[in-house]
Structure formats: C-alpha cells, structure tokens
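Participant: The structure file start.txt (compact mmCIF, C-alpha atoms) is provided below.
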# COMPACT_ATOMS: atom_id res chain seq x y z
CA MET A 1 -6.70 -3.13 22.39
CA GLY A 2 -5.06 -3.72 25.73
CA GLY A 3 -6.34 -1.96 28.82
CA ASP A 4 -3.17 0.03 29.46
CA VAL A 5 -3.15 1.35 25.90
CA HIS A 6 -6.83 2.27 26.13
CA ARG A 7 -6.26 4.24 29.34
CA THR A 8 -3.31 6.03 27.76
CA LEU A 9 -5.33 7.06 24.71
CA LEU A 10 -8.19 8.30 26.89
CA LEU A 11 -5.89 10.29 29.18
CA GLU A 12 -4.05 11.89 26.27
CA GLY A 13 -7.27 12.68 24.43
CA GLY A 14 -6.24 10.50 21.53
CA LEU A 15 -9.74 9.11 21.09
CA ASP A 16 -11.65 12.38 21.47
CA ARG A 17 -11.69 13.13 17.74
CA LEU A 18 -13.46 9.87 17.00
CA ALA A 19 -16.63 11.16 18.62
CA ASP A 20 -16.77 13.99 16.06
CA ILE A 21 -16.48 11.54 13.19
CA ALA A 22 -18.36 8.41 14.17
CA ALA A 23 -20.99 7.06 16.52
CA VAL A 24 -18.61 5.66 19.10
CA ASP A 25 -18.36 5.10 22.83
CA THR A 26 -14.68 5.76 23.46
CA SER A 27 -14.96 4.20 26.91
CA LEU A 28 -15.97 0.86 25.38
CA LEU A 29 -13.02 -1.54 25.38
CA VAL A 30 -12.93 -5.02 23.88
CA THR A 31 -10.09 -7.24 25.06
CA ASP A 32 -11.88 -10.56 24.46
CA TYR A 33 -14.57 -11.02 21.82
CA ALA A 34 -16.05 -13.96 23.75
CA THR A 35 -17.01 -11.69 26.65
CA ALA A 36 -17.82 -8.53 24.67
CA ASP A 37 -21.34 -7.12 24.35
CA PRO A 38 -22.90 -9.03 21.43
CA ALA A 39 -25.06 -6.06 20.47
CA ALA A 40 -22.03 -3.76 20.24
CA LEU A 41 -20.19 -6.28 18.07
CA ALA A 42 -23.19 -6.78 15.80
CA ALA A 43 -23.47 -3.03 15.24
CA ALA A 44 -19.77 -2.43 14.57
CA GLU A 45 -18.87 -1.15 11.11
CA VAL A 46 -15.27 -0.18 11.90
CA LEU A 47 -12.89 -1.67 14.45
CA PHE A 48 -10.36 0.76 15.93
CA THR A 49 -7.52 -1.41 17.20
CA HIS A 50 -4.18 -1.02 18.92
CA TRP A 51 -1.58 -3.12 20.76
CA GLY A 52 -3.14 -6.09 22.49
CA SER A 53 -6.03 -6.50 20.09
CA PRO A 54 -7.48 -10.04 20.11
CA GLN A 55 -7.27 -12.06 16.92
CA LEU A 56 -9.93 -11.66 14.24
CA THR A 57 -10.75 -15.25 13.42
CA ASP A 58 -13.57 -16.35 11.14
CA ASP A 59 -15.74 -17.19 14.16
CA VAL A 60 -15.14 -13.77 15.67
CA LEU A 61 -15.95 -12.03 12.39
CA GLY A 62 -19.21 -13.92 12.33
CA LEU A 63 -20.23 -11.87 15.37
CA MET A 64 -19.76 -8.66 13.37
CA PRO A 65 -21.82 -8.97 10.17
CA ARG A 66 -21.67 -5.21 9.50
CA LEU A 67 -17.88 -4.93 9.83
CA ARG A 68 -16.33 -3.21 6.82
CA ALA A 69 -12.97 -1.92 8.03
CA VAL A 70 -10.22 -2.46 10.60
CA VAL A 71 -8.18 0.64 11.45
CA HIS A 72 -5.08 -0.19 13.45
CA ALA A 73 -3.62 2.74 15.39
CA ALA A 74 -0.22 1.03 15.62
CA GLY A 75 2.26 -0.78 13.39
CA SER A 76 2.13 -4.47 12.56
CA ILE A 77 -1.27 -6.05 11.92
CA LYS A 78 0.07 -9.60 11.85
CA HIS A 79 -0.94 -10.30 15.44
CA HIS A 80 -4.69 -9.84 14.95
CA VAL A 81 -5.60 -9.65 11.25
CA THR A 82 -6.08 -13.13 9.76
CA GLU A 83 -6.84 -14.50 6.31
CA ALA A 84 -10.51 -14.50 7.28
CA VAL A 85 -10.46 -10.68 7.26
CA TRP A 86 -9.32 -10.53 3.65
CA ALA A 87 -11.70 -13.35 2.65
CA ARG A 88 -14.66 -11.26 3.84
CA GLY A 89 -13.52 -8.22 1.85
CA ILE A 90 -12.84 -6.14 4.95
CA THR A 91 -10.43 -3.28 4.31
CA VAL A 92 -7.49 -2.72 6.66
CA SER A 93 -5.39 0.30 7.53
CA SER A 94 -2.30 0.57 9.70
CA ALA A 95 -0.41 3.44 11.31
CA ALA A 96 2.88 1.69 10.59
CA ALA A 97 4.09 4.74 8.67
CA ALA A 98 3.59 6.87 11.77
CA ASN A 99 5.38 4.32 13.94
CA ALA A 100 8.29 4.30 11.49
CA LEU A 101 9.19 7.90 12.33
CA PRO A 102 10.45 7.48 15.92
CA VAL A 103 12.24 4.24 14.99
CA ALA A 104 14.10 6.07 12.23
CA GLU A 105 14.93 8.94 14.60
CA PHE A 106 16.27 6.49 17.18
CA THR A 107 18.34 4.80 14.47
CA LEU A 108 19.79 8.08 13.24
CA ALA A 109 20.87 8.95 16.77
CA ALA A 110 22.35 5.47 17.23
CA ILE A 111 24.37 5.72 14.01
CA LEU A 112 25.76 9.16 14.78
CA PHE A 113 26.57 8.29 18.40
CA ALA A 114 28.15 4.98 17.38
CA ASN A 115 30.52 6.56 14.87
CA LYS A 116 31.38 9.31 17.34
CA GLY A 117 32.17 6.83 20.11
CA VAL A 118 29.89 8.68 22.51
CA LEU A 119 29.20 5.80 24.89
CA GLY A 120 32.89 4.96 25.26
CA ALA A 121 33.80 8.60 25.86
CA ALA A 122 31.06 8.98 28.47
CA ARG A 123 32.27 5.84 30.24
CA GLN A 124 35.88 7.00 30.29
CA TYR A 125 34.86 10.43 31.57
CA ARG A 126 32.74 8.83 34.29
CA GLU A 127 35.65 6.65 35.36
CA ALA A 128 38.27 9.42 35.16
CA ARG A 129 36.12 12.01 36.98
CA GLY A 130 38.24 14.58 35.26
CA ALA A 131 40.32 15.23 32.15
CA PHE A 132 41.47 12.35 29.97
CA GLU A 133 43.26 12.20 26.65
CA LEU A 134 40.60 12.88 24.02
CA LEU A 135 42.65 12.49 20.86
CA PRO A 136 43.69 8.87 21.51
CA HIS A 137 40.11 7.95 22.33
CA PHE A 138 38.72 9.51 19.15
CA ALA A 139 41.41 8.22 16.80
CA GLY A 140 39.61 6.76 13.80
CA ARG A 141 36.19 7.81 15.08
CA GLY A 142 33.74 10.33 13.69
CA ASN A 143 30.98 10.75 11.12
CA TYR A 144 33.09 11.97 8.21
CA ARG A 145 32.88 9.65 5.19
CA ARG A 146 31.78 6.66 7.20
CA VAL A 147 29.92 3.77 5.51
CA ILE A 148 26.44 2.94 6.77
CA GLY A 149 24.73 -0.30 5.79
CA ILE A 150 20.93 -0.38 5.75
CA VAL A 151 19.39 -3.86 5.66
CA GLY A 152 15.86 -3.57 4.30
CA ALA A 153 14.21 -0.72 2.40
CA SER A 154 11.14 -0.85 4.61
CA ARG A 155 9.25 2.27 5.65
CA ILE A 156 11.74 2.64 8.46
CA GLY A 157 14.75 1.82 6.31
CA ARG A 158 13.73 4.38 3.70
CA ARG A 159 13.13 7.01 6.37
CA VAL A 160 16.59 6.33 7.85
CA ILE A 161 18.11 6.75 4.39
CA GLU A 162 16.29 10.07 4.05
CA LEU A 163 17.50 11.28 7.46
CA LEU A 164 21.10 10.35 6.60
CA ARG A 165 21.20 12.47 3.42
CA PRO A 166 22.46 15.71 5.02
CA PHE A 167 25.52 13.92 6.41
CA ASP A 168 28.82 13.17 4.70
CA LEU A 169 28.24 9.42 4.70
CA THR A 170 28.17 6.60 2.17
CA VAL A 171 24.99 4.53 2.44
CA LEU A 172 24.80 0.94 1.28
CA LEU A 173 21.51 -0.93 0.94
CA HIS A 174 20.61 -4.58 0.82
CA ASP A 175 17.04 -5.43 -0.11
CA PRO A 176 16.08 -8.23 -2.54
CA TYR A 177 13.05 -6.23 -3.72
CA VAL A 178 15.03 -3.11 -4.69
CA ASP A 179 16.77 -2.99 -8.06
CA ARG A 180 19.66 -0.75 -9.01
CA ALA A 181 17.41 1.92 -10.51
CA ASP A 182 15.36 2.12 -7.30
CA ALA A 183 18.56 2.24 -5.26
CA ALA A 184 19.89 5.08 -7.39
CA ALA A 185 16.65 6.98 -6.83
CA LEU A 186 17.14 6.52 -3.10
CA GLY A 187 20.72 7.77 -3.40
CA VAL A 188 22.27 4.57 -2.08
CA GLU A 189 24.50 1.79 -3.41
CA ARG A 190 22.75 -1.56 -3.72
CA VAL A 191 25.00 -4.44 -2.64
CA GLY A 192 24.78 -8.02 -1.43
CA LEU A 193 24.32 -8.58 2.28
CA ASP A 194 27.76 -10.02 2.94
CA GLU A 195 29.43 -7.16 1.10
CA LEU A 196 27.36 -4.65 3.07
CA VAL A 197 28.36 -6.24 6.37
CA ARG A 198 32.05 -6.29 5.44
CA ARG A 199 32.20 -2.67 4.24
CA SER A 200 30.02 -0.89 6.80
CA HIS A 201 31.12 0.90 9.92
CA VAL A 202 27.52 0.70 11.17
CA VAL A 203 24.97 -1.91 10.05
CA SER A 204 21.34 -1.13 10.83
CA ILE A 205 18.67 -3.82 10.44
CA HIS A 206 15.23 -2.90 9.08
CA ALA A 207 14.09 -6.16 7.50
CA PRO A 208 10.76 -7.86 8.32
CA GLU A 209 10.42 -10.99 10.43
CA LEU A 210 9.94 -13.78 7.90
CA PRO A 211 11.06 -17.42 7.65
CA GLU A 212 13.80 -16.40 5.21
CA THR A 213 15.11 -13.63 7.51
CA TRP A 214 15.26 -15.77 10.65
CA ARG A 215 18.78 -15.43 12.06
CA MET A 216 20.02 -13.80 8.88
CA PHE A 217 22.79 -12.46 11.12
CA ASP A 218 24.27 -15.75 12.25
CA ALA A 219 27.79 -16.44 13.52
CA ARG A 220 29.26 -16.53 10.02
CA ARG A 221 27.76 -13.20 8.98
CA LEU A 222 28.51 -11.46 12.27
CA ALA A 223 32.13 -12.50 11.84
CA LEU A 224 32.22 -10.45 8.63
CA LEU A 225 31.77 -7.21 10.60
CA ALA A 226 34.98 -5.20 10.74
CA ASP A 227 36.66 -4.74 14.09
CA GLY A 228 35.08 -1.75 15.81
CA ALA A 229 31.91 -1.85 13.69
CA THR A 230 28.48 -1.40 15.27
CA LEU A 231 25.35 -3.48 14.75
CA VAL A 232 22.05 -1.67 15.32
CA ASN A 233 18.89 -3.77 15.61
CA THR A 234 15.53 -2.04 15.96
CA ALA A 235 13.68 -4.59 13.79
CA ARG A 236 13.07 -8.00 15.36
CA GLY A 237 15.25 -10.03 17.69
CA SER A 238 14.82 -13.21 15.67
CA LEU A 239 16.80 -11.72 12.77
CA VAL A 240 20.00 -12.11 14.83
CA ASP A 241 21.45 -15.22 16.47
CA THR A 242 21.55 -13.98 20.05
CA ARG A 243 24.20 -16.45 21.20
CA ALA A 244 26.51 -15.62 18.31
CA LEU A 245 25.98 -11.89 18.82
CA THR A 246 26.67 -12.23 22.52
CA ASP A 247 29.94 -14.03 21.80
CA GLU A 248 31.05 -11.26 19.43
CA LEU A 249 30.10 -8.51 21.87
CA VAL A 250 31.73 -10.22 24.85
CA SER A 251 34.94 -10.39 22.84
CA GLY A 252 34.83 -6.60 22.53
CA ARG A 253 35.52 -6.83 18.81
CA ILE A 254 32.31 -5.03 17.77
CA HIS A 255 29.72 -2.76 19.33
CA GLY A 256 25.96 -3.14 19.56
CA VAL A 257 22.89 -0.94 19.86
CA ILE A 258 20.29 -3.58 20.57
CA ASP A 259 16.64 -2.58 21.04
CA VAL A 260 15.10 -5.99 20.28
CA THR A 261 16.30 -9.43 21.29
CA ASP A 262 15.40 -13.09 21.01
CA PRO A 263 13.91 -13.88 23.48
CA ASP A 264 12.17 -10.54 23.97
CA HIS A 265 13.58 -10.32 27.50
CA LEU A 266 17.06 -11.68 27.98
CA PRO A 267 17.92 -13.84 31.00
CA ALA A 268 19.00 -11.86 34.04
CA ASP A 269 22.53 -13.20 33.74
CA SER A 270 23.02 -12.09 30.12
CA PRO A 271 26.28 -10.14 29.77
CA LEU A 272 24.56 -7.76 27.33
CA TYR A 273 23.11 -5.90 30.30
CA HIS A 274 26.50 -4.67 31.47
CA LEU A 275 28.95 -4.83 28.57
CA PRO A 276 30.61 -1.42 28.00
CA ASN A 277 30.36 -1.78 24.20
CA VAL A 278 26.58 -2.41 24.24
CA LEU A 279 23.61 -0.10 24.47
CA LEU A 280 20.74 -2.43 25.35
CA THR A 281 17.25 -0.92 25.43
CA PRO A 282 13.85 -2.55 26.11
CA HIS A 283 12.18 -2.16 22.68
CA ILE A 284 11.78 1.62 22.97
CA ALA A 285 12.67 2.74 19.45
CA GLY A 286 9.04 2.67 18.32
CA SER A 287 6.24 4.94 19.46
CA LEU A 288 6.08 5.56 23.20
CA GLY A 289 4.87 8.45 25.35
CA ASN A 290 3.29 11.21 23.31
CA GLU A 291 4.43 9.48 20.11
CA ILE A 292 1.50 7.08 20.60
CA GLY A 293 -0.71 10.10 19.99
CA ARG A 294 0.75 10.51 16.51
CA MET A 295 -0.28 6.97 15.56
CA THR A 296 -3.73 7.53 17.03
CA HIS A 297 -4.31 10.73 15.07
CA TRP A 298 -3.11 9.09 11.85
CA ALA A 299 -5.61 6.28 12.48
CA VAL A 300 -8.41 8.73 13.25
CA ASP A 301 -7.60 10.46 9.96
CA GLU A 302 -8.19 7.10 8.28
CA VAL A 303 -11.59 6.72 9.97
CA GLU A 304 -12.44 10.20 8.72
CA ARG A 305 -11.49 9.21 5.18
CA TYR A 306 -13.67 6.13 5.49
CA ALA A 307 -16.58 8.23 6.72
CA GLN A 308 -16.18 10.50 3.69
CA GLY A 309 -16.13 7.54 1.32
CA ALA A 310 -12.47 8.11 0.45
CA PRO A 311 -9.90 5.30 0.23
CA PHE A 312 -7.46 4.76 3.05
CA ALA A 313 -4.16 6.60 2.71
CA TYR A 314 -2.38 3.79 4.54
CA GLY A 315 -4.31 0.73 3.50
CA VAL A 316 -2.72 -2.70 3.89
CA GLY A 317 -3.36 -5.70 1.65
CA PRO A 318 -2.53 -9.37 2.13
CA ASP A 319 0.10 -9.21 -0.60
CA GLU A 320 2.15 -6.80 1.53
CA LEU A 321 2.49 -9.05 4.56
CA ASP A 322 5.43 -11.00 3.14
CA ARG A 323 7.45 -7.77 3.11
CA SER A 324 6.31 -6.19 6.37
CA ALA A 325 7.10 -6.64 10.04
Render the structure in this file as structure tokens.

Facilitator:
Amino acid sequence: MGGDVHRTLLLEGGLDRLADIAAVDTSLLVTDYATADPAALAAAEVLFTHWGSPQLTDDVLGLMPRLRAVVHAAGSIKHHVTEAVWARGITVSSAAAANALPVAEFTLAAILFANKGVLGAARQYREARGAFELLPHFAGRGNYRRVIGIVGASRIGRRVIELLRPFDLTVLLHDPYVDRADAAALGVERVGLDELVRRSHVVSIHAPELPETWRMFDARRLALLADGATLVNTARGSLVDTRALTDELVSGRIHGVIDVTDPDHLPADSPLYHLPNVLLTPHIAGSLGNEIGRMTHWAVDEVERYAQGAPFAYGVGPDELDRSA
C-alpha cells in the first residue's frame, strides 16, 4: 500500500487486530517489490493490500512462492491484481462492499438535496443576507413523487436503491445484467438507458468503468435530460463526456453533483469549479477519514476467516471483473 495509507492505518489502530490473527509485522510496508526484503516476500502467505499497492505481475509472484491469498482492504482490485494471480490459484478478497456504504450515503444525500434545491436556496440566502421569497424558489421542487434513475445495479447502486425505499420516490434502473424479475425483487422499474435519462429528475451513475461504458453519457444522451434535472456521478469520470457535460452545465439547463471527472483533476480554468448549479467534489464519496477503518476491519475479518480455514465472505473472481469498477 502507499505510505500515507499505511501511516493512517497505524495511527487509527486499523492494523492492530492483525497481530492477534497472524504472524505479521504491521510496521513492514512494501511499496515496491523490487526493493522489498526478499526473505519477507518469500515467507508471505497472505498479502494485505490497500490503495497504492504495486502490481502483482508473474515475476513478482515468483518472489512469493508461499502466497495463497490477497486481501485488499479497499475497493477495486483492478490496479494491482493481474491474470497471473488467478493463474497461480491465489484467492482474492476485496472490501468493496464496505467502500460501497459511504458512496451510497453520499448519493442519497445528493439526491435528496438536489430535489430540494438546497444549493440554490443556500446561494440565494447568502446573496440576500436576509429574507427572500421562498415559495417562488421552491416551485416544482421537493422529494415527493420524484423519479430517480439508477444506472448500474452494482453494490453501490443496490445500496442506493435500498436507502431510497423509505421515501416517496419512483426508482428506475438500467442494468443490462438485471432482468425484469430481478428488478421487481429490487422494487424498481427496469428501463432502457435513454428512457431512464428522459424520465428522471435525478440520474445517478453506478456503472463500472469498461470499454462499453466509456462516455456512455455523451452529448446526445446528456441532451435527453429534462430541464432542471440533476446528474450525479460518483462512479468514474470516463463514463461521462466532460466537454459535453460542461457545455450543458454552463448553459444552466441541468444541475450536476460531480465527484469524479475525466481527467481526475480538471484544469484550473474549468467553469465547473464555480458554476452555481454544480457541486464539484474531489472524489470524496468513497471511504475517507474513519471510514477507512471500516474497510480495514472488514479485510481483517477476511484474514481471520482464512486463518480458520473458512472461505472468504467477500471473495472476488476473474469472472466478476467485467462487471466491477
């Protein structure tokens, strides 16, 4: 893992439980296998990884003949787990389910605030520095019988659907892997993507980053959003055409809650930084602060299961990568 993550886990005590479960030196950090202690690598049976983990190539795995499992205390494993891991029969676990929770919570807040027009009301109040006409501002706004479009029944997408159930909302879902029976079980209406975009007051993206999802929200599809609708993106920036989205947002026709962008950091002169109809955040929807501890404890639970000879509760296989972030 990266050095900053390692220091965070040590300071928060996130690695302390490992010492009760396994023979481990929690102060040992590997950021580059080429410079790591060869003896430590040769003895390793389980790798405990996090953000910033170096890639597990076939050559690297050759340095760890006893390696049997990779336990990732974060979400996506695509950055460091390669085909060579599966080829050697090494089992893999991810704390993606734990990371899904804060993303879904962030999304729920974004949806409710978007429908309520909270950002616009706060801006008007700040500018007025006193009373202003509330009823005109809130005309047509609110969370009563609004239509929410969820793009992708991922872990996060499903959790968002679950969190939306107590509210008086209609939830649409687009996911090519979900049939009508599955959608009915989720309590949502399964529709095509264009229909979802046209009908929804808020569209929230939870699809994985794949070749077929690259810029799935292009200029044509963004134009289908109704005037005043909100696009929420907590998935991956590459799923949206940034230039086309910027044009729509600059026009003021739609609103955006944008946590991820393409590129990851927008140019300093991007209008998205200051547009009144945009909430732009620096990829904070996922686990941060003490939420990192949740992922760590879920991962330590997996190490404990491994030590007991039990299967992983959150194992990941190569067949799942074409549907995951």

Participant: Do you have the atom CA of A:Gln308-atom CA of A:Ala95 distance handy?

Facilitator: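 Separating atom CA of A:Gln308 from atom CA of A:Ala95 is a distance of 18.9 Å.
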
Participant: Find the spatial neighbours of A:His265, counting all atoms listed in the file, within a cut-off of 12 Å - ignore same-chain residues fewer than 5 positions away - and output them as a list in words.

Facilitator: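 Listed by chain and then number, they are Gly237, Thr242, Ile258, Asp259, Val260, Ser270, Leu272, Tyr273, Leu280, Thr281, Pro282 and His283 of chain A.
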
Participant: Determine, counting all atoms listed in the file, which protein, DNA and RNA residues have an atom within 10 Å of an atom of A:Asp218; residues of the same chain fewer than 4 positions away are not included. Present the result as an MDAnalysis selection string.

Facilitator: chainID A and resid 214 222:223 239:245

Participant: May I ask for the distance between atom CA of A:Asn115 and atom CA of A:Val147, given in Å to one decimal place?

Facilitator: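 If I compute the distance from atom CA of A:Asn115 to atom CA of A:Val147, I get 9.8 Å.
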
Participant: Applying 10 Å and all atoms listed in the file, which residues near A:Pro271 remain after dropping the ones on its own chain fewer than 5 positions away? List them as a VMD selection string.

Facilitator: chain A and resid 246 to 247 249 to 250 266 276 278

Participant: Please produce a file of the residues just selected, as a CSV table (one decimal), in the coordinates of the input, where the atoms kept are C-alpha atoms.

Facilitator:
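Generated output (selection_22.csv):
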chain,number,residue,atom,x,y,z
A,246,THR,CA,26.7,-12.2,22.5
A,247,ASP,CA,29.9,-14.0,21.8
A,249,LEU,CA,30.1,-8.5,21.9
A,250,VAL,CA,31.7,-10.2,24.8
A,266,LEU,CA,17.1,-11.7,28.0
A,276,PRO,CA,30.6,-1.4,28.0
A,278,VAL,CA,26.6,-2.4,24.2

Participant: Check the smallest atom-to-atom distance from each of A:Leu169, A:His201, A:Gly187, A:Ala74 to A:Ala97 using all atoms listed in the file, then report the winner.

Facilitator: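 That would be A:Ala74, the residue with the smallest distance to A:Ala97.
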
Participant: To one decimal in Å, tell me the separation between atom CA of A:Val300 and atom CA of A:Asp20.

Facilitator: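 Computing the Euclidean distance for atom CA of A:Val300 and atom CA of A:Asp20 yields 10.3 Å.
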
Participant: Neighbouring residues of stretch 27-41 of chain A were defined as those with any atom within 7 Å, considering all atoms listed in the file; residues of the same chain fewer than 4 positions away were excluded. Please report them as a PyMOL selection string.

Facilitator: chain A and resi 1-2+53-54+60+63-64

Participant: Just give me the residues with any atom within 12 Å of (34.9, -13.5, 11.4), file coordinates, counting all atoms listed in the file, written as a PyMOL selection string.

Facilitator: chain A and resi 194+197-198+218-227+244-245+247-248+251+253-254

Participant: Near A:Leu172, counting only C-alpha atoms, which residues have an atom at most 7 Å away, once you skip same-chain residues fewer than 3 positions from it, shown as an NGL selection string?

Facilitator: :A and (148-150 or 188-191 or 196)

Participant: Restricting the calculation to all atoms listed in the file, which member of A:Tyr314, A:Tyr177, A:Phe106, A:Phe113 is positioned closest to A:Val151?

Facilitator: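 Smallest distance to A:Val151 is found for A:Tyr177.
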
Participant: So, with all atoms listed in the file as the atoms that count, which of A:Gly14, A:Pro318, A:Pro311, A:Gly117 lies closest to A:Ala69?

Facilitator: A:Pro311

Participant: Can you report as lines of an AutoDock Vina configuration file the centre and edge lengths in Å, to one decimal, of an axis-aligned box around the listed atoms of stretch 284-298 of chain A padded with 6 Å on each side?

Facilitator:
center_x = 4.2
center_y = 6.4
center_z = 18.6
size_x = 29.0
size_y = 21.6
size_z = 25.5

Participant: From the list A:Lys116, A:Ser200, A:His297, A:Val81, which residue is nearest A:Gly140 when using all atoms listed in the file?

Facilitator: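 When distances to A:Gly140 are compared using all atoms listed in the file, the smallest one comes from A:Lys116.
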
Participant: Which of these, A:Arg158, A:Arg215, A:Arg7, A:Arg17, has the shortest distance to A:Thr107 once you count only C-alpha atoms?

Facilitator: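 Nearest to A:Thr107: A:Arg158.
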
Participant: Nearest to A:Ala100 among A:Val85, A:Val316, A:Ala285, A:Val257, with distances taken over only C-alpha atoms: which residue is it?

Facilitator: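 Answer, going by the shortest atom-to-atom distance: A:Ala285.
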